[in-house]
Structure formats: C-alpha cells, structure tokens
Amino acid sequence: LAGALWRKPQEDDAEIRQRRLTVVVTAAVAATAILIAGMTVASFYTTRSIGLPERASITITVRAQQWWWQVFYASSGQTSGFQTANEIHTPVGQDVHVRLESADVIHSFWIPSLAGKQDLVPGRSNSLLLRAEKPGVYRGQCAEFCGLQHSHMAVMVIAEAPADYARWIASQSADAIPTTGADVAAGRAAFLAKPCAACHTIRGTAANGTTGPDLTHVGSRQTIAAGLVETTRGSMAAWIADPQTLKPGNNMPMVPLTSIELQDISAYMESLK
Amino acid sequence: MIRSKDDGLRDTALSDKELNRALASTWSAQPGLWGALSTVDHKVIGRRYIATAFVFLALGGVLSLLMRLQLSQPEARFIGPDRYNQIFTMHGSNMMFLFAVPVMQAMAVYLVPLMVGTRNIAFPRLNAFSYWIYVAGGLLLWTAFIVDTGPDVGWFAYVPLSGPQYGVGKRADIWAQMITFTEVSALAIAVEIVVTVFKQRGPGMSLDRIPLFVWSMLVTSFLIILAMPAIMIASTSLILDRLVGTHFFNPAEGGDVLLWQHLFWFFGHPEVYIIFLPAVGMVSTIVATFTRRPVFGYLAMVMALVATGVLAFGLWVHHMFVAGLPRLGESFFTASSMAIAVPAGLQIFCWLATIWAGKPIFKTPFLFVIGFIVIFVIGGLTGVMVASVPFDTQVHDTYFVVAHFHYVLVGGAVFPLLGAIYYWFPKLTGKMMSETLGRWVFGLIFVGFNLTFFPMHILGLQGMPRRIYTYQPEMPWAGLNMFISLSAIVLAAGFLLFFVDAIRSARSGAVASANPWGASTLEWATASPPQPYNFARPPVVGSREPLWAEATALPVAAGLRVDRRELLITGVVEGIPEARESSVGNSIWPLWAALATTLTLVWSIFSPWAVVWGSIPVAVSLIGWFWPKGVLEDES
Amino acid sequence: MPTLICALTMGMMAWPALAHGDDAHGLEPAWTFDPWIVVPLGTLAVLYCLGAARLARRTRRPGGTHRRICLYSAGILTLAGALLSPLHWLGEHLFTFHMIEHEIVMAVSAPLIVLARPIGILLWGLPARARMAAGMLMRAPLMRELWDRGTSATSATILHGVAIWAWHVPIVFDAAVTNPAVHRFQHLTFFATAILFWWALVWRSDYGPAAWHLFFTMIHTSVLGALMALAPRVLYVAQTQAAMAWGLTPLEDQQLAGMIMWVPAGTIYAGAALTMLALWIRGSSERKAQNV
Amino acid sequence: MKENIVLDLTELPAHALGTASPSWWGTLAFMLIEGTGFALSIVIYLYLMSLAPRWPLGTLPPDLFAGSALTALLLASLVPNILVARWAREQDLRKVRLGLVVMAVLGIVPLILRGFEFPAMHIKWDQNAYGSIVWVMLGLHTTHILTDVIETLVLACLMFSRHGDTPRRFGDVGDNAMYWNFVVATWLPMYACLYWIPRL
C-alpha cells in the first residue's frame, strides 16, 4: 500500500488535487469503518455460536494450584465422586461443563485444540464448555503467569469412546488396588512411614494428606508433575529423589530416602493403576 | 532608555547584540556541578531525560537478550525460573515506566516550549523535580534487581501473586513503589505541558495553528492526568494490603482479585496510547518536513488524536476477555476495540495522502517513518484480530500477543522515536548525525525487528504461552525460538550502531545550521542548539507553518524585560497576549525535595510510619522551594 | 459509527428475546397511553404546530425555520417513541429496554429539542393573552435568574449528573418501577435536567468548556454503566424480576442495561464532545481576527 | 533568521492574574488529577459494595454525628473562603491577612473532627475490605485538608512578612482559596457515600 504511493508526483492544479485527496482519504476511512463493522458482526456471531454451557450432562471441577491441576469428578448414580490430577477424561461427542476455580493465584485453563482459554480466579468461579469430536490426547497448559513454575503446568484432556470413559470412571472411583509383590508392598510401607502420606492421599490406605495431588491411581496417568515427564518407574524415581532439580521451586520437598526405599516407592507408585 | 512603570530593562531599549548578552546573563545556569544540579532550563533537563531514558532502553535491551538466550533451546538452564521471572518483569516494567513514557515526555519537555515559541516550560522547578524523582525510581528498581530482589510478578503484577500471601519478600513492594516514582514524575510533566500549551504559546498561535506534535503531547498529557491516578490508587492499595493488612484484593474478606485488573487496565490501556500518540505527532512532523508539505487534513488529524484518547478509556476490558466477565458485554467491547482502528486508519491515510502529494526526500528520519507505517499497519491488523473475543481467547497470553504489542509499541513508537532523534539531533546538540550510518541503523533494525518478532505470531498460533522460562523438547517450538534468538542479535546490532552513531556525532558530527532540514516549525527559528532563553524575542505566529510562510524575516514581539526571566502569557483559544510573566530562576530546592520524597517513599516500603515522619522533610523542602527569595522574578 | 454497530448488536440480541416473549407471556408488547404523558406531549406538539403555522403566516420566510421544525419534530417523535410505544411497555418488563428508553429521552430527544430552540414558536402557539402572560413570566427577574443559573454549564452538568446517579440507587429505581407516579417523576427529572444540560452546552457556553462537560458526563455515566455491567449480583430486584420470561437471567438483564448506558450512550456523548472540540479548534483563528 | 518586530508588549501587565495565570491552570490540573483519584476511590467503594452480600460488611452503618458536623463546618467555611478570594482579587492586604487566619482555624477544626470520624465507622482497616476502603477514603481526604491547612499557614506567614504585598502573593491566595473549594466539593459525594449509602 505504501509502496504504491512512492511515485513521481505529477504537477497539476493544487486545488483539484487537494479535493481529490480528500475524497480518497474519506473513502478509505469509510471503507475501514465498514470493514471494521463487518468484522465486529462476524465476531459477534462467532461468539454466539461458541455459546454457553446449557445442558451439559457432565460437570467437572478443576481447581488450579501452584503448579498443578486438581480435578474433581462428582458422584453419579452408581459411582462415587473422586479426585485426580493433571488429567481429565471426557467422553467423545458430549458437552462437558468444566467449573474453574483456583486455590491460590490466578491461572488460566487452556486446551488449544478444544476451546479458548478461561482464567481460574480465586474467590470466583468460571466455567467453560469442552467438547471433543475425536478420541485422542489433547494437551493444554496454564496460560496466566502464576509464579516460578508457570512453564511446567500442563494438563491432558483424554477424550475416549463413551464405553471406555465409563470404564475409566469406574476404575478411578474405586479405592487403590491392593498391593501385589514384595517391592510394591515395601514401597507402600515406606510411603506410609515417610512424610509422603502427610501431603498425598491414597484412598484405601492411611495416607490422607491434601496438600499434594491425590495419588490413588497415579500409575494410570500418562504423565507426572503436571505434564513434566511420562509416567515410568524411572521418571517416578527421578522425581521423588530430587523434585527441585526437575521443577525448581515447586512445593514438593525432597524426602531423604535410601536407594532401596526409592526403588520400592517408585514401584508402588507405578503399580497404582 | 525607556523604563515603564515596573521599572525594568526592556528589550526595546537594546541592540540585538546587547540584547543577546543581557538575556544570556539572565537565563544561564551557574557553571559547575552546583549549576548542573540547580538548573531549571527545560532544554538541559530535557536532554538529560532523553539520555537517561535511552540508558534504560539499553538496559532493557540487555534483559531481552538474556531472555532470548534462555529461550533459544528447550529446557535450557542458563537462567533459572526465579531470575527469569525477575528479568521479564524488569524488562516490561523498565520499558514501559522507565523508557517509553518518560522518553516521550522528555522529547516534549525539550521540544514543546520551543515549538510554541516560549522561553521555558511552565513550572520549571517542578520539571527539575520530576527528573530527579524519575531517576530515583529507576535507581530503586535496578538496585533491587542487582541485589536479587527485583520484582518477579510481571509488569502487570496481578494479585494475589503479588499480594501479601504469595509475593514474599519486598519484591512486589519495590515494583509498586517504582510505579509511584514514575507516576509522580509523569503527572508533573503532564501538568507542565498542559499549562505550557494553554498559556505560553506565541502570540497568534490559535488552537488551529498548534503544531501537530504539540497537539499530540497535549492529548497525551490529558490521558496521563486521567489514567495515571488509577495505577497510583492501585499500587497504593497493593502496598497497603502488603504492609498494613488491608483487604482490597482479598476475596476472603470482601475484596476482589479482579478489582486489581480493572484498575490496572483502566490505566494500562490508555498507557499504550500515551506511548503511541506522541509518536503520531513525531511522524506528522517528519512527514511534513520531508515532503515539503503541510500534513493533509490538519483538523482530521487533531480529531483523530482526541478520538483515540477518548476511546482509550473504553477499551480496558479487552485485556480481561478470559477473566470471566459477563459474556453479554463482550460484543460491545469488541466493537469499541475495533472502532479504534478508524481514527488510526484516518491518520495513516492522511500521511499517505501527504506523501502522495509531496516530493518525499529519503533522509534517515523519513526512512524510519516508512518503517513505522509498514510495521504499525501489521500491528494494527493483529490488533483488530485480538479485539475479537473468539480469536482472543485462543491467542491471549501467547506469543501472538507478544508479537502484536511489539509491533505496535516498537513499530508504533520506537521507530518514530528513532526517526525523531535523527530529526531533532541537530537541534539537541548542534551536530548532525551520520546519514550513512543512519541508513545502516535503519536497515539493521527494520530487518532485525521483523525477523525477531514476525515468527512470534506463528509461535503464538502454535500455542506457546507467554512468560514461560522454558518449554519442553516435545513441543514444536524449538526451531523458531532459535531463529528468533539469532535474529535478536541483528536487532541488537542495529541499536548498538545507533548508540555509536549518536555518541560519535554528538562529539564530532558535522555542525548543524539553525534549520538544516528546511522545516516549518518554530524550534528551527532559533540557533542549534538554542540559547538558554530560546528566543531573543517571542515569535508572532500567523499560520500553521510559520517558517514556510515567512521566508525572509521572522515576525516577533518586543517589550519584554531582560533583567529578569520574563516570558509571555497568551489566551487559551486565540493566543492573544495577556500578560508578561516571570519564570522562576535556578534552584537547588527541587533536588532536596526529590531526595526527601525518595527517602519517604523508599522507607515506606518497610514501615507505614515513614509517611508520617517523612512528610516533615518533604514539607520543609517544599516550603524552601516556594518561599520568596527577594529576587526580581518574585516581584510583579 | 460505533453507535450503529451497537444498535445492530442490540437489535440482534433483542430479537430472540422478543420472539420468545410473545408466546411465553401471551401478552403483546403494546402502546401505552398514560394520560400523564400523552397530554403534555400532545400539548407540546399541538402548540408547536399552531405556533409554526401562525409564524409562517406572519413572516413568509420559512427558510431558516425548516431545519428547526425538523429537529423539533424528530425530538418530539423520539420522545413519544420512547414513552408511548411498545418500548415503554418493554421497559416496564426488562431493564435493558428501560435503559434504552431513558437514553433516548436524555441523549437523543433532549438534544434534538434543544437544537430546535422551540420556545419562541411554542409561545406563538399560545392564545394571545396566555402568550403575553407567559412572556411576562419568562422576563420576570426571578425566572431569568433561575434559568441563567440552571443553564450555566457547570451547574447543569452537575444537576443532570446528580439526577442520573440518584435515580440509579437501586431502591429508588425499584420504587420508580413499582409506582407509576414515581416513574413519571423519574422520566420528568431525566428529561428536564437533560434539557437544561444540553441547552447550557449548546447555547450557553463556549465550545471548549462544552466539550469538557460532555466528556465529563461521558465518563461518569460510563462508570455508572460499568458498575451495573460488572456487578456479579442483581442490584435492581424489582426491575429485573420479569427478565426470565424473556430468555435472560435477571443478572444478564442488568448487565445488558449497564452496557447500554456504558457503550452506546457513552458514544453519543463522546461524539458530541468531539464535535464541540472540532468547532472550537476550527473557529479559533477566525475568532482572533474578530477580536483583534 | 532576521527578526521583524510586529507587536509591542510594553503595556502588558507584569503579572498574569486569575484565570490568565499559569499557576491558576496548574492548580486546576492538579485538582483534576486528585479529583480523578477521589472519583476512583468512590468507584472502588461502590464496586466492592456491588460484590458484597450485605453492606456495610460485618458492621453497623457509621455514626452520623462527627461526619455531619464536619460537613456542616466545611460548607460554612466556604463563606469566609469566598470572601478571602474576593479580598485577594481586590488586593486588600489587611482583610486577606484576617481571612487567612480565619481559614487556618477553619482548616484545623475539621482535622480534629476527622479524628472522631474514624472510630465512628465501627471498623478497622484490617478487618475487611469495607474497613479498608472507608479508611482509605477518609485518609485520602484528610491528607488534602492537611496539605491545604499547611499551605494556608505558610501563606498567612508570607502575608505577614515583607513578601506579602504583591499581586503574585494575592494570586497565590486566590489559588489556595480555589483549592479549598475543591477540598470541600470533593467531600460532599464522599460524605454521601460513606454515611448515607450504608443506610439505604
């Protein structure tokens, strides 16, 4: 646009040119105004079409904490309510109403492929409608600066067929499965004896801390530490051994453990499917 | 010798040579350090202000390079999250509060009195005070950063992250108090500019003959006056929450988290226009000079400035589209946010029309204007995009927005500013900057800027959030980030070359004549650099382009006293002379007052009682400032 | 332009509500003929017609008055549209429409009527004796004094502002909705202070101060609108209780009403302020030529 | 550039008075800044009120006596204040001196009354957000009374000194009087807000 204007200026009557310029500028401004009006209307309709949660059959509450996502599923019919962390399962093709709350500072819930972002504001409750048309794993990330580990605060939405979803709900609402194997049993004992149990809950055991994520089915989640690493026995061990190196500043303290204890607890964690 | 009833020596009684000597002795500062500390000459203070602001620009630039270093690879460990958060907070706060706003006001402090044809700014001592307060605020912030207590809560300092519970230590307090310093200085200058423009214009400069740059600074000053109290109130409430346990932002006790955001953005959105409008004025001036034509559509330009200013107050909510506000209202905010494109478009079209009609001369300042138009149009387009709610909920707080506002702020303000420096450098220093180096500077910055910031749009659309100190290798962002970091070096090289050119030219550049560009506004009617009294006699204005209208001799007014600092007061609308008025002499008291204020404000980070005890030295220094010293300027 | 957008937006939002309301209520939005409104409005219209006709017969040069008659008719028609048409009926049920009604009265009808300067023609509409008496009354020192004070820019702006804010105190507003007499009084205060306000700015002050007062009014009404739009709970209980029947929650009704006051009404004030400012700037050097 | 004298300024007054003077405009600009601050504090008050389930939050409405007495006193002080401004315009040194002494007293008494207003709120600043905003509003206004009283005292001293009898000082007195009008005018909406809105 600018380039077109660097021509040799032609010398003609100044007044006519002035008038012509006035017409051109006025027309250009009017065109801008009309364009803008058009875009506003388009934006308005898009906003309308995105719509509000009207009759979503499923309501999930997400409560953000520095720097992980606490997820609550309400009890329904035959299953009791439960909580999990950093991983949300939804049935494909259904509207899911997500209630967004914050336990500490402002966070923002954002699954780019499923919906726009929405802040989680302390003292207020926001909501968002999610709907996945295809099964799959949709990654999301906190989008409002929330302190030291804002960078490592991911969340996974796993959309699956309704039958799979129902199976998942049933397995999650159950207590932790009983231990099998010596190392797992030792790990369980160590977990309960060490400070771990003060912060974490494992339903079906004496561990009922509420500061950290619920670990009842931690082994079934794809990642740990809010999307930081994949869930394997090795990554579990690395995380427990030194959480401050992997995710500096996070709220999980380093608990002194012998290497045997570390292996056992990792095995126990992995077994909590 | 003619002596009137107030019995002073008048310029009508002197030959030109005697007049210049007499004025010089009346208006000069004392030599030496004391003179430098006590001067109230708007040109000296303005130059200092500009230089200081550019120092902060360089420091902020270093911070951005550090960030680019850290982000060049996934999971890099050059800088830890704690330091990184301080760095990006410092970068934003420094660039906004210590560079962008002050540098625009500094240009006005230097230029506005010259452009309206008066001898000093209104309230010169307040002007000196505002500079000292500004420097104190900058020192506070940077000292804190060096000793690892730099603010780490973002330049927007959202509660509760910056509140008493989560913002531990004194970091957020230092941020909030830095705001107080810079706002006090910005408000003081805004008042000076408003009064200078209203009451000290040259005789005959009616409202429709005010240069566009002066109009832009007038509108900006009103924006500052109406917007900055909001951030003052907000930062004060934050300090009170942190220091004495009030509950403004505590939802458990009836406070509200979003209250902070409303107050912050009520200031924060006009802030963008506080930075952008002066640039509009600069561009208009440069365009007129280098096309040898008055800017097309003067009244339309002025109204566009005012309309932008008015709209600026209706737009703050679009920063909060994802905060959970009533959805019914979103369309209204989208409409008003998009509406701002209309005055902006009007301005662009007027410039293009001027260029179209004139014969452009492609000197460095004009190159920067062309760069500005290109970049700003892109920034404006992405601005219209983010005004749309559905689009914004996706790109909000991603690198798309980072790219957008760098296009708007760097493209919309820094490019015109650099052009303005090249343009007014001869007036500021009496030397020309290098035209050859200038072209290199423009080329490097233009290319470097686009290579650095354009890919950020893509990163944002790929989902990279802002304010993250690192990202995981499995995200598809690594390649572009490396590219951006390398491009940033090109950009930095451009700025480095600019600084080299500026320093070298100031020392040994070609000597500039009074009006090297053949420009039309009054600052070019006086020597380069101007004498301490600016004009031997106040120029009389008969048109919008006084220097083009009067090719041979400048019409002036005579009859002012020369034995005291005297300037002319004119009417607000028509610029009819109303009175001669004295302008205060040099004084050290503004410095004492600034020191006392600094003591109080810094102390009050630690104890509420500082406000009580600190007000005593502040009051003493203010009384010393205003108490008559029995000099000629005190008489009437 | 933004007004247009907002009007469009409004229209689109209103449509579903309207369509929904018809069957849910079984009550058609209807014209309201409240004698307390119809009689004064009719009087104003008839007097003006009579006056204009008489004047036209006497002077035979209608050129300048055409525009004024158009302005006055537009003012009275919009006023009637606001107070008598189904809009009023809707305003009794929905806060949003009530707000639109008020804004038409204050920011559309009032300035149109003021621009028409109708007093002279209205006086001509009176029978001769009454005209004399009215003329005497208007020239009485006390009346002049009151009028001058009332239409000084600052006092008119403050008066209008106080009227707007006072009526939007929730219990006062709800009282107006539940009691027809209070409601009429509310509309009268809005209209009367708006006339003073616009008169003061259009005919009594310099363009610069007029722009300033308009800008100030824009700011304070925007703040009031924003407070309503952003409040997370229902403040106007009686006014919004019928909203559910129209597909809006009471809170949404209140938010939308606040938005109307904030954005479209604010745009009108801003537009007027910018016009005044442009006139101020444009005339400044010509004025100088006159003064020197 | 050569100069061509086209205008003679010798007959202009040596000092700009009233609305012509820069200091009048400066005062006005600072009033605008502070007025914006006051307005924002009222907006915060109303905003917090719109959030709260009941208002005032967790306490009784404030006692009316001290605040109303202060309001009456401030309104009464406008009379001598306007007189002082008039005398300053007339450059009547004797009357201005008297007026400034009266105004200094009329500035100090409200400060004493203000001391009773804080307890009349029945709440401390650190109890809840309602307490915070009412203390800040009262505090904000108190600092304005205080600064104006100090300014009045300094001006009174000046008027009794050898620097007093010049148009410039009389101009300062006029600006100070305008500022006091502002301090009183801003109090009225705050008074309505603080004392009467909680009673609705």
# chains A, B, ... in the order shown; residues from 1 in each chain; ligands from 1
>>> residues_around(residues="D:Ala66", least_positions_apart="4", cutoff="12 Å", atoms="only C-alpha atoms", output="ChimeraX atom specification")
/D:62,70-73,109-121,191,195
>>> closest_atom_pairs(of="chain B", to="chain A", cutoff="7 Å", atoms="only C-alpha atoms", output="Markdown table")
| residue | atom | partner | partner_atom | distance |
| --- | --- | --- | --- | --- |
| B:Pro81 | CA | A:Leu148 | CA | 5.6 |
| B:Asp82 | CA | A:Leu148 | CA | 6.0 |
| B:Pro160 | CA | A:Val105 | CA | 5.3 |
| B:Leu161 | CA | A:Val105 | CA | 5.5 |
| B:Pro251 | CA | A:Gly123 | CA | 5.2 |
| B:Val322 | CA | A:Gln118 | CA | 4.8 |
| B:Ala323 | CA | A:Asp119 | CA | 5.0 |
| B:Gly324 | CA | A:Asn126 | CA | 5.9 |
| B:Ser331 | CA | A:Phe44 | CA | 5.7 |
| B:Thr334 | CA | A:Thr40 | CA | 6.5 |
| B:Ala335 | CA | A:Thr40 | CA | 5.7 |
| B:Met338 | CA | A:Ile36 | CA | 6.2 |
| B:Ala339 | CA | A:Ile36 | CA | 6.9 |
| B:Val342 | CA | A:Ala33 | CA | 5.8 |
| B:Gly345 | CA | A:Val29 | CA | 6.4 |
| B:Leu346 | CA | A:Val29 | CA | 5.6 |
| B:Phe349 | CA | A:Val25 | CA | 5.8 |
| B:Cys350 | CA | A:Val25 | CA | 6.7 |
| B:Ala353 | CA | A:Leu21 | CA | 6.4 |
| B:Trp356 | CA | A:Leu5 | CA | 5.6 |
| B:Ala357 | CA | A:Pro9 | CA | 6.4 |
| B:Gly358 | CA | A:Pro9 | CA | 6.6 |
| B:Lys359 | CA | A:Pro9 | CA | 6.5 |
| B:Ser388 | CA | A:Ser43 | CA | 5.6 |
| B:Val389 | CA | A:Thr47 | CA | 6.7 |
| B:Pro390 | CA | A:Thr47 | CA | 5.8 |
| B:Thr393 | CA | A:Gly116 | CA | 4.5 |
| B:Gln394 | CA | A:Gly116 | CA | 4.7 |
| B:Asp397 | CA | A:Ala143 | CA | 6.1 |
| B:Gly463 | CA | A:Pro112 | CA | 6.8 |
| B:Pro465 | CA | A:Ala143 | CA | 5.8 |
| B:Arg467 | CA | A:Phe145 | CA | 6.3 |
| B:Ile468 | CA | A:Ser151 | CA | 4.5 |
| B:Tyr469 | CA | A:Ser151 | CA | 6.1 |
| B:Thr470 | CA | A:Ser151 | CA | 6.1 |
| B:Tyr471 | CA | A:Ser151 | CA | 6.6 |
>>> atom_distance(atom1="atom CA of B:Asp501", atom2="atom CA of B:Ile286")
20.0 Å
>>> closest_atom_pairs(of="chain C", to="chain D", cutoff="8 Å", atoms="only C-alpha atoms", output="Markdown table")
| residue | atom | partner | partner_atom | distance |
| --- | --- | --- | --- | --- |
| C:Ile171 | CA | D:Leu200 | CA | 7.6 |
| C:Val223 | CA | D:Val43 | CA | 7.6 |
| C:Leu227 | CA | D:Tyr47 | CA | 6.3 |
| C:Ala231 | CA | D:Ser50 | CA | 5.5 |
| C:Pro232 | CA | D:Leu51 | CA | 6.2 |
| C:Arg233 | CA | D:Leu51 | CA | 6.9 |
| C:Leu235 | CA | D:Ser50 | CA | 7.4 |
>>> select_by_dssp(residues="stretch 46-81 of chain B", states="helix (DSSP H, G or I)", output="PyMOL selection string")
chain B and resi 46-71+81
>>> closest_atom_pairs(of="chain D", to="chain B", cutoff="8 Å", atoms="only C-alpha atoms", output="tab-separated table")
residue	atom	partner	partner_atom	distance
D:Met1	CA	B:Ala553	CA	6.2
D:Lys2	CA	B:Ala553	CA	4.7
D:Glu3	CA	B:Leu554	CA	4.7
D:Asn4	CA	B:Pro555	CA	4.6
D:Ile5	CA	B:Val556	CA	4.8
D:Val6	CA	B:Val556	CA	5.8
D:Leu7	CA	B:Ala557	CA	4.4
D:Asp8	CA	B:Ala558	CA	5.2
D:Leu9	CA	B:Gly559	CA	4.6
D:Thr10	CA	B:Gly559	CA	4.4
D:Leu12	CA	B:Ala579	CA	5.1
D:Pro13	CA	B:Ala579	CA	5.1
D:Ala14	CA	B:Arg580	CA	4.8
D:His15	CA	B:Glu581	CA	5.0
D:Ala16	CA	B:Ala579	CA	5.3
D:Ala20	CA	B:Glu578	CA	7.0
D:Ser21	CA	B:Ile569	CA	7.6
D:Pro22	CA	B:Val195	CA	6.2
D:Trp25	CA	B:Val195	CA	6.2
D:Gly26	CA	B:Val195	CA	6.4
D:Ala29	CA	B:Val191	CA	6.0
D:Phe30	CA	B:Val191	CA	7.3
D:Leu32	CA	B:Ile225	CA	7.3
D:Ile33	CA	B:Ile225	CA	5.5
D:Glu34	CA	B:Pro229	CA	7.6
D:Thr36	CA	B:Leu226	CA	6.4
D:Gly37	CA	B:Pro229	CA	5.4
D:Leu40	CA	B:Ala230	CA	6.9
D:Ser41	CA	B:Ile233	CA	7.8
D:Ile44	CA	B:Leu259	CA	7.9
D:Leu48	CA	B:Gly255	CA	6.7
D:Leu51	CA	B:Gly254	CA	7.6
D:Ala52	CA	B:Gly254	CA	6.4
D:Leu57	CA	B:Gly254	CA	7.6
D:Trp125	CA	B:Thr246	CA	5.7
D:Asp126	CA	B:Thr246	CA	4.5
D:Gln127	CA	B:Thr246	CA	7.4
D:Asn128	CA	B:Glu253	CA	4.8
D:Ala129	CA	B:His247	CA	4.7
D:Tyr130	CA	B:Gly254	CA	7.2
D:Gly131	CA	B:Thr246	CA	7.9
D:Ser132	CA	B:Thr246	CA	5.2
D:Ile133	CA	B:Phe248	CA	7.4
D:Val154	CA	B:Ile623	CA	7.7
D:His163	CA	B:Pro628	CA	6.9
D:Thr166	CA	B:Ser636	CA	6.4
D:Pro167	CA	B:Ser636	CA	6.3
D:Arg168	CA	B:Ser636	CA	6.2
>>> residues_around(residues="C:Arg67", least_positions_apart="2", cutoff="12 Å", atoms="only C-alpha atoms", output="MDAnalysis selection string")
chainID C and resid 62:65 69:74 112:113 115:118
>>> atom_distance(atom1="atom CA of B:Ile361", atom2="atom CA of B:Ser513")
18.5 Å
>>> residues_around(residues="C:Leu94", least_positions_apart="2", cutoff="8 Å", atoms="only C-alpha atoms", output="list in words")
Leu90, Gly91, Glu92, Thr96, Phe97, His98, Gln239, Thr240, Ala242, Ala243 and Asp253 of chain C
>>> residues_around(residues="stretch 52-54 of chain C", least_positions_apart="2", cutoff="9 Å", atoms="only C-alpha atoms", output="list in words")
Leu47, Tyr48, Cys49, Leu50, Ala56, Arg57, Arg58, Thr59, Thr65, Ile69, Ile121, Leu122, Trp124 and Gly125 of chain C
>>> atom_distance(atom1="atom CA of C:Gly120", atom2="atom CA of C:Gly135")
9.6 Å
>>> interface_residues(of="chain B", to="chain C", cutoff="10 Å", atoms="only C-alpha atoms", output="VMD selection string")
chain B and resid 204 to 210 298 to 300 302 to 304 306 to 307 310 to 311 313 to 314 325 to 333 335 to 336 338 to 340 342 542 to 543 572 to 576
>>> residues_around(residues="B:His319", least_positions_apart="5", cutoff="9 Å", atoms="only C-alpha atoms", output="list in words")
Gln261, Trp265, His269 and His396 of chain B
>>> write_last_selection(atoms="C-alpha atoms", output="PDB file, in the first residue's frame")
ATOM      1  CA  GLN B 261      -7.160  -5.887  36.902  1.00  0.00           C
ATOM      2  CA  TRP B 265      -6.045  -1.832  32.762  1.00  0.00           C
ATOM      3  CA  HIS B 269      -4.787   0.583  28.041  1.00  0.00           C
ATOM      4  CA  HIS B 396      -4.468 -14.264  24.725  1.00  0.00           C
TER       5      HIS B 396
END
>>> residues_around(residues="B:Pro476", least_positions_apart="5", cutoff="10 Å", atoms="only C-alpha atoms", output="list of chain:residue names")
B:Pro74, B:Leu459, B:Gln462, B:Gly463, B:Met464, B:Tyr471, B:Asn481
>>> write_last_selection(atoms="N, CA, C and O atoms", output="compact mmCIF listing (two decimals), in the first residue's frame")
# COMPACT_ATOMS: atom_id res chain seq x y z
N PRO B 74 15.05 -25.69 24.12
CA PRO B 74 14.12 -26.22 25.11
C PRO B 74 14.87 -26.65 26.38
O PRO B 74 16.01 -27.13 26.31
N LEU B 459 4.59 -18.72 16.52
CA LEU B 459 4.74 -19.43 17.79
C LEU B 459 3.46 -19.35 18.61
O LEU B 459 3.03 -20.32 19.22
N GLN B 462 0.92 -21.52 17.37
CA GLN B 462 1.26 -22.90 17.70
C GLN B 462 1.06 -23.19 19.19
O GLN B 462 1.36 -24.27 19.67
N GLY B 463 0.62 -22.17 19.93
CA GLY B 463 0.26 -22.43 21.32
C GLY B 463 1.33 -22.16 22.35
O GLY B 463 1.22 -22.62 23.48
N MET B 464 2.36 -21.41 22.01
CA MET B 464 3.38 -21.14 23.04
C MET B 464 2.92 -20.01 23.94
O MET B 464 2.71 -18.88 23.49
N TYR B 471 10.53 -24.43 27.85
CA TYR B 471 9.48 -25.25 27.26
C TYR B 471 10.06 -26.62 27.02
O TYR B 471 11.28 -26.80 26.97
N ASN B 481 12.26 -20.70 17.94
CA ASN B 481 12.84 -19.95 19.05
C ASN B 481 14.32 -19.69 18.80
O ASN B 481 14.82 -18.60 19.07
